[in-house]
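Engineer: See structure_20.txt below, with compact mmCIF, C-alpha atoms.
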# COMPACT_ATOMS: atom_id res chain seq x y z
CA MET A 1 -17.25 -10.31 14.47
CA ALA A 2 -16.98 -7.13 16.53
CA ARG A 3 -14.47 -4.53 15.38
CA PRO A 4 -12.20 -2.75 17.89
CA ASP A 5 -13.91 0.60 17.32
CA GLY A 6 -17.43 -0.80 16.97
CA ARG A 7 -17.77 -0.06 13.24
CA ARG A 8 -19.85 -2.14 10.83
CA PRO A 9 -17.84 -4.35 8.45
CA ASP A 10 -18.67 -1.98 5.56
CA GLN A 11 -18.03 1.28 7.44
CA LEU A 12 -15.14 3.70 6.92
CA ARG A 13 -13.37 5.27 9.86
CA PRO A 14 -14.16 8.98 10.33
CA VAL A 15 -12.46 10.81 7.44
CA THR A 16 -11.27 14.42 7.61
CA LEU A 17 -9.53 16.41 4.85
CA THR A 18 -8.11 19.74 6.05
CA ARG A 19 -6.92 21.91 3.16
CA GLY A 20 -4.23 24.58 3.51
CA TRP A 21 -2.76 22.87 6.58
CA SER A 22 0.76 23.97 5.65
CA THR A 23 1.56 27.55 4.66
CA HIS A 24 4.28 27.23 2.02
CA PRO A 25 3.28 24.50 -0.50
CA GLU A 26 1.04 25.27 -3.46
CA GLY A 27 -1.31 22.58 -2.13
CA SER A 28 -1.46 20.93 1.28
CA VAL A 29 -3.90 18.64 3.06
CA LEU A 30 -3.91 16.92 6.43
CA VAL A 31 -5.85 13.71 5.84
CA GLU A 32 -7.19 11.68 8.74
CA PHE A 33 -8.58 8.16 8.52
CA GLY A 34 -9.47 7.59 12.16
CA ALA A 35 -6.19 7.76 14.10
CA THR A 36 -4.08 7.63 10.91
CA ARG A 37 -2.87 11.10 9.99
CA VAL A 38 -0.87 11.97 6.88
CA LEU A 39 0.32 15.39 5.75
CA CYS A 40 0.18 15.64 1.94
CA THR A 41 1.87 18.58 0.24
CA ALA A 42 2.05 19.42 -3.47
CA SER A 43 5.04 21.44 -4.66
CA VAL A 44 5.08 23.04 -8.12
CA THR A 45 8.19 23.67 -10.18
CA GLU A 46 8.41 25.10 -13.68
CA GLY A 47 9.81 22.63 -16.18
CA VAL A 48 10.04 18.84 -16.25
CA PRO A 49 12.79 16.23 -15.82
CA ARG A 50 15.45 16.19 -18.57
CA TRP A 51 14.07 13.03 -20.16
CA ARG A 52 10.69 14.76 -20.66
CA LYS A 53 11.82 18.16 -21.97
CA GLY A 54 10.28 19.25 -25.24
CA SER A 55 7.45 16.70 -25.02
CA GLY A 56 4.79 19.23 -24.01
CA LEU A 57 3.85 16.90 -21.16
CA GLY A 58 3.97 17.65 -17.45
CA TRP A 59 5.07 15.31 -14.68
CA VAL A 60 3.62 14.24 -11.33
CA THR A 61 5.55 12.12 -8.84
CA ALA A 62 5.38 11.30 -5.14
CA GLU A 63 7.53 10.61 -2.11
CA TYR A 64 6.32 8.85 1.05
CA ALA A 65 7.87 8.79 4.51
CA MET A 66 6.97 8.12 8.13
CA LEU A 67 8.03 10.20 11.10
CA PRO A 68 10.19 8.20 13.53
CA ARG A 69 7.47 8.01 16.17
CA ALA A 70 4.45 7.68 13.88
CA THR A 71 4.09 4.13 15.26
CA ASN A 72 4.04 2.70 18.78
CA THR A 73 7.82 2.22 18.73
CA ARG A 74 10.43 4.56 17.27
CA SER A 75 11.92 3.82 13.85
CA ASP A 76 15.19 5.32 12.65
CA ARG A 77 14.95 7.96 9.95
CA GLU A 78 15.81 6.44 6.59
CA SER A 79 17.93 9.51 5.82
CA VAL A 80 20.07 8.71 8.88
CA ARG A 81 20.36 5.04 7.90
CA GLY A 82 21.52 6.19 4.48
CA LYS A 83 19.16 3.90 2.58
CA ILE A 84 15.51 4.19 1.54
CA GLY A 85 13.65 0.99 2.39
CA GLY A 86 11.91 -1.18 -0.19
CA ARG A 87 8.51 -0.55 1.44
CA THR A 88 9.01 3.21 1.16
CA HIS A 89 9.96 2.96 -2.51
CA GLU A 90 6.96 0.73 -3.22
CA ILE A 91 4.48 3.09 -1.55
CA SER A 92 6.00 6.18 -3.20
CA ARG A 93 5.62 4.57 -6.61
CA LEU A 94 2.03 3.51 -5.84
CA ILE A 95 1.05 7.05 -4.87
CA GLY A 96 2.70 8.50 -7.98
CA ARG A 97 1.01 6.01 -10.32
CA SER A 98 -2.35 6.59 -8.67
CA LEU A 99 -2.20 10.37 -8.96
CA ARG A 100 -0.96 10.33 -12.54
CA ALA A 101 -4.09 8.35 -13.39
CA CYS A 102 -6.20 11.43 -12.67
CA VAL A 103 -4.07 14.00 -14.53
CA ASP A 104 -4.01 14.96 -18.20
CA LEU A 105 -0.26 15.55 -18.44
CA LYS A 106 -0.56 17.38 -21.76
CA ALA A 107 -3.02 19.86 -20.28
CA LEU A 108 -0.65 20.29 -17.31
CA GLY A 109 1.99 21.59 -19.70
CA GLU A 110 5.70 21.33 -18.91
CA ASN A 111 5.25 21.77 -15.18
CA SER A 112 6.23 19.31 -12.45
CA ILE A 113 4.35 18.61 -9.22
CA VAL A 114 5.91 16.60 -6.40
CA LEU A 115 3.58 15.14 -3.79
CA ASP A 116 5.18 14.59 -0.39
CA CYS A 117 3.17 12.31 1.87
CA ASP A 118 4.49 12.25 5.44
CA VAL A 119 2.84 9.98 8.00
CA LEU A 120 2.45 11.84 11.28
CA GLN A 121 0.58 9.04 13.02
CA ALA A 122 0.02 5.49 11.76
CA ASP A 123 -2.94 3.27 12.59
CA GLY A 124 -3.23 1.26 9.39
CA GLY A 125 -4.05 2.41 5.86
CA THR A 126 -1.31 5.02 5.59
CA ARG A 127 -0.78 4.53 1.84
CA THR A 128 -4.50 4.69 1.06
CA ALA A 129 -4.94 7.80 3.20
CA ALA A 130 -1.94 9.34 1.42
CA ILE A 131 -3.47 8.76 -2.02
CA SER A 132 -6.84 10.15 -0.96
CA GLY A 133 -5.33 13.26 0.60
CA ALA A 134 -2.72 13.82 -2.11
CA TYR A 135 -5.47 14.09 -4.73
CA VAL A 136 -6.92 17.13 -2.96
CA ALA A 137 -3.47 18.70 -2.49
CA LEU A 138 -2.74 18.10 -6.18
CA TYR A 139 -6.03 19.72 -7.21
CA ASP A 140 -5.15 22.82 -5.20
CA ALA A 141 -1.67 22.96 -6.76
CA VAL A 142 -3.16 22.73 -10.27
CA THR A 143 -5.60 25.51 -9.34
CA TRP A 144 -2.61 27.60 -8.19
CA LEU A 145 -1.02 27.11 -11.63
CA ALA A 146 -4.27 28.07 -13.36
CA GLU A 147 -4.50 31.30 -11.38
CA ARG A 148 -1.05 32.21 -12.75
CA LYS A 149 -2.05 31.24 -16.31
CA ALA A 150 0.66 28.56 -16.33
CA LEU A 151 -1.48 25.66 -17.56
CA ALA A 152 -1.90 24.39 -21.10
CA GLY A 153 -5.55 23.60 -20.28
CA LYS A 154 -8.22 24.42 -17.71
CA VAL A 155 -8.19 22.89 -14.23
CA GLU A 156 -11.10 20.60 -15.17
CA LYS A 157 -9.13 19.38 -18.19
CA VAL A 158 -5.97 18.70 -16.18
CA MET A 159 -7.79 17.01 -13.27
CA HIS A 160 -10.13 15.04 -15.50
CA ARG A 161 -11.05 12.45 -12.84
CA SER A 162 -10.68 11.97 -9.11
CA VAL A 163 -8.83 9.15 -7.38
CA SER A 164 -9.00 7.71 -3.87
CA ALA A 165 -7.94 4.53 -2.12
CA VAL A 166 -8.95 2.33 0.79
CA SER A 167 -7.85 -0.90 2.44
CA VAL A 168 -10.01 -4.00 2.74
CA GLY A 169 -9.37 -7.41 4.26
CA VAL A 170 -10.75 -10.68 5.56
CA ILE A 171 -10.75 -11.07 9.32
CA GLY A 172 -12.23 -14.12 10.96
CA GLY A 173 -13.62 -15.11 7.57
CA GLU A 174 -15.50 -11.82 7.15
CA PRO A 175 -14.70 -9.06 4.61
CA MET A 176 -13.99 -5.70 6.28
CA LEU A 177 -13.50 -2.15 5.00
CA ASP A 178 -10.73 0.30 6.03
CA LEU A 179 -8.63 -1.76 8.42
CA CYS A 180 -7.02 -0.15 11.45
CA TYR A 181 -3.65 -1.48 12.62
CA VAL A 182 -4.87 -4.17 15.02
CA GLU A 183 -7.11 -5.51 12.25
CA ASP A 184 -4.44 -5.29 9.58
CA VAL A 185 -1.91 -7.39 11.49
CA THR A 186 -4.42 -10.20 12.05
CA ALA A 187 -6.05 -10.18 8.59
CA GLU A 188 -6.12 -13.44 6.65
CA VAL A 189 -6.35 -11.42 3.43
CA ASP A 190 -5.08 -7.87 3.00
CA MET A 191 -5.86 -5.67 -0.01
CA ASN A 192 -5.56 -2.05 -1.14
CA VAL A 193 -8.01 -0.75 -3.73
CA VAL A 194 -7.42 2.44 -5.75
CA CYS A 195 -10.43 3.76 -7.69
CA THR A 196 -11.57 6.74 -9.71
CA GLY A 197 -14.56 8.79 -8.62
CA THR A 198 -16.76 6.71 -10.94
CA GLY A 199 -15.65 3.39 -9.47
CA ASP A 200 -13.18 2.32 -12.15
CA PHE A 201 -10.03 0.60 -10.89
CA VAL A 202 -6.63 2.25 -11.00
CA GLU A 203 -4.79 -0.43 -9.04
CA VAL A 204 -5.54 -3.40 -6.77
CA GLN A 205 -2.94 -4.88 -4.43
CA GLY A 206 -4.00 -8.01 -2.57
CA THR A 207 -2.44 -11.00 -0.87
CA GLY A 208 -3.40 -13.94 1.28
CA GLU A 209 -1.47 -13.27 4.48
CA ALA A 210 -2.56 -16.45 6.28
CA GLY A 211 -3.58 -18.68 3.40
CA VAL A 212 -5.41 -18.45 0.12
CA PHE A 213 -8.74 -16.78 -0.69
CA ALA A 214 -11.62 -17.73 -2.93
CA ARG A 215 -13.10 -15.87 -5.90
CA ASP A 216 -16.25 -14.96 -3.95
CA GLN A 217 -14.10 -13.41 -1.22
CA LEU A 218 -12.19 -11.43 -3.84
CA ASP A 219 -15.45 -10.16 -5.34
CA ALA A 220 -16.74 -9.18 -1.89
CA LEU A 221 -13.54 -7.29 -1.11
CA LEU A 222 -13.61 -5.44 -4.42
CA ASP A 223 -17.25 -4.46 -3.85
CA LEU A 224 -16.34 -3.12 -0.40
CA GLY A 225 -13.34 -1.27 -1.81
CA VAL A 226 -15.32 0.41 -4.59
CA ALA A 227 -18.06 1.48 -2.17
CA GLY A 228 -15.46 2.90 0.20
CA CYS A 229 -13.69 4.79 -2.59
CA LEU A 230 -16.96 6.32 -3.76
CA GLU A 231 -17.58 7.59 -0.22
CA LEU A 232 -14.08 9.04 -0.18
CA ALA A 233 -14.66 10.70 -3.56
CA ASP A 234 -17.68 12.42 -2.07
CA ALA A 235 -15.57 13.59 0.90
CA GLN A 236 -12.98 14.95 -1.55
CA ARG A 237 -15.64 16.88 -3.49
CA LYS A 238 -16.98 18.37 -0.28
CA ALA A 239 -13.50 19.36 0.87
CA LEU A 240 -12.72 21.06 -2.47
CA SER A 241 -16.01 22.96 -2.44
CA SER A 242 -15.53 24.33 1.08
Output the structure of this file as structure tokens.

Structural biologist:
Amino acid sequence: MARPDGRRPDQLRPVTLTRGWSTHPEGSVLVEFGATRVLCTASVTEGVPRWRKGSGLGWVTAEYAMLPRATNTRSDRESVRGKIGGRTHEISRLIGRSLRACVDLKALGENSIVLDCDVLQADGGTRTAAISGAYVALYDAVTWLAERKALAGKVEKVMHRSVSAVSVGVIGGEPMLDLCYVEDVTAEVDMNVVCTGTGDFVEVQGTGEAGVFARDQLDALLDLGVAGCLELADAQRKALSS
């Protein structure tokens, strides 16, 4: 079936990773998956949470949020409502888990890095864009630490693998890669795939939104997700080498 933007079923939206987008953080990236735009910043602090002190291990965590008018209708700020929503907590934890999968926390030493992922404009795939952009911001923050001789190991030891993520789904019975919003809301199956730069899985989140799905559909979606993540890994490498 035809996609709204004319892409092939196995085609990513145009992806852009703009490093140094924000002046103050130790790492910052504006990541764009088509019309989805997420600002990812990495903030370094010396020391680790109390429960980790004396372990010799660093810590990486993440927070996710959406601007009130990132979508087609305004949403109240969660800080004004006085309560962080379950979806926000879930996505924050996903980003944190995904990024910790690419870090050697012992080589990081007792330093903490907080990744803030703020959605400026949402058109589907905000959490996967956040993971993909946050990896580059994290790499730059670790490089910043290395330049100040504050690491227990080299940058390549700390960032021992890359990580990226992409959405996949079944629409009209056909597996599709990197769903935009109008596709996401009509998908019979919706899935997020997080992979390393060599195609190993970090996490897979999938559900039948409008029914169940068969094993061959699952296999097709995973194949699409891995291929998409490998393309994103290449985009990350190019961004970091520029």

Engineer: I'd like the contact shell of Trp21 (chain A) - 9 Å cut-off, all atoms listed in the file, skipping same-chain residues fewer than 3 positions apart - returned as number ranges by chain.

Structural biologist: A: 18, 27-30, 39, 41

Engineer: Just how far from CA of Ala70 (chain A) is CA of Leu240 (chain A), in Å to one decimal?

Structural biologist: 27.2 Å

Engineer: Go through A:Ala150, A:Val193, A:Met176, A:Leu115 one by one, measure the shortest atom-to-atom distance of each to Ile95 (chain A) using only C-alpha atoms, and give the residue with the smallest value.

Structural biologist: A:Leu115

Engineer: Pull the neighbourhood of (-16.8, -1.1, 10.5) for me: all residues within 12 Å in file coordinates, counting all atoms listed in the file, as a list of chain:residue names.

Structural biologist: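 Applying the cut-off with all atoms listed in the file, one gets A:Met1, A:Ala2, A:Arg3, A:Pro4, A:Asp5, A:Gly6, A:Arg7, A:Arg8, A:Pro9, A:Asp10, A:Gln11, A:Leu12, A:Arg13, A:Pro14, A:Gly34, A:Val168, A:Gly169, A:Ile171, A:Glu174, A:Pro175, A:Met176, A:Leu177, A:Asp178, A:Leu179, A:Cys180, A:Glu183, A:Leu224, A:Gly228.
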
Engineer: Take the residues just selected and output them with C-alpha atoms as a compact mmCIF listing (two decimals), keeping the file's coordinate frame.

Structural biologist:
# COMPACT_ATOMS: atom_id res chain seq x y z
CA MET A 1 -17.25 -10.31 14.47
CA ALA A 2 -16.98 -7.13 16.53
CA ARG A 3 -14.47 -4.53 15.38
CA PRO A 4 -12.20 -2.75 17.89
CA ASP A 5 -13.91 0.60 17.32
CA GLY A 6 -17.43 -0.80 16.97
CA ARG A 7 -17.77 -0.06 13.24
CA ARG A 8 -19.85 -2.14 10.83
CA PRO A 9 -17.84 -4.35 8.45
CA ASP A 10 -18.67 -1.98 5.56
CA GLN A 11 -18.03 1.28 7.44
CA LEU A 12 -15.14 3.70 6.92
CA ARG A 13 -13.37 5.27 9.86
CA PRO A 14 -14.16 8.98 10.33
CA GLY A 34 -9.47 7.59 12.16
CA VAL A 168 -10.01 -4.00 2.74
CA GLY A 169 -9.37 -7.41 4.26
CA ILE A 171 -10.75 -11.07 9.32
CA GLU A 174 -15.50 -11.82 7.15
CA PRO A 175 -14.70 -9.06 4.61
CA MET A 176 -13.99 -5.70 6.28
CA LEU A 177 -13.50 -2.15 5.00
CA ASP A 178 -10.73 0.30 6.03
CA LEU A 179 -8.63 -1.76 8.42
CA CYS A 180 -7.02 -0.15 11.45
CA GLU A 183 -7.11 -5.51 12.25
CA LEU A 224 -16.34 -3.12 -0.40
CA GLY A 228 -15.46 2.90 0.20

Engineer: In terms of the shortest atom-to-atom distance over all atoms listed in the file, which of A:Gly206, A:Pro68, A:Gly20, A:Gly82 is closest to Gly133 (chain A)?

Structural biologist: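 Smallest distance to Gly133 (chain A) is found for A:Gly20.
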
Engineer: Give as a ChimeraX atom specification each residue that has an atom at most 12 Å from (1.6, 14.1, 12.3) in the file, counting all atoms listed in the file.

Structural biologist: /A:21-22,29-32,35-40,65-71,117-123,126

Engineer: Quick one, how far is CA of Val60 (chain A) from CA of Glu147 (chain A)?

Structural biologist: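 Between CA of Val60 (chain A) and CA of Glu147 (chain A) the gap is 18.9 Å.
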
Engineer: Fewer than 6 positions away in the same chain doesn't count, so skip those; otherwise give me all residues within 9 Å of Ser98 (chain A), counting all atoms listed in the file, as a JSON list (two decimals) with C-alpha atoms, in the coordinates of the input.

Structural biologist:
[["chain", "number", "residue", "atom", "x", "y", "z"],
["A", 131, "ILE", "CA", -3.47, 8.76, -2.02],
["A", 163, "VAL", "CA", -8.83, 9.15, -7.38],
["A", 164, "SER", "CA", -9.00, 7.71, -3.87],
["A", 165, "ALA", "CA", -7.94, 4.53, -2.12],
["A", 194, "VAL", "CA", -7.42, 2.44, -5.75],
["A", 195, "CYS", "CA", -10.43, 3.76, -7.69],
["A", 202, "VAL", "CA", -6.63, 2.25, -11.00],
["A", 203, "GLU", "CA", -4.79, -0.43, -9.04]]
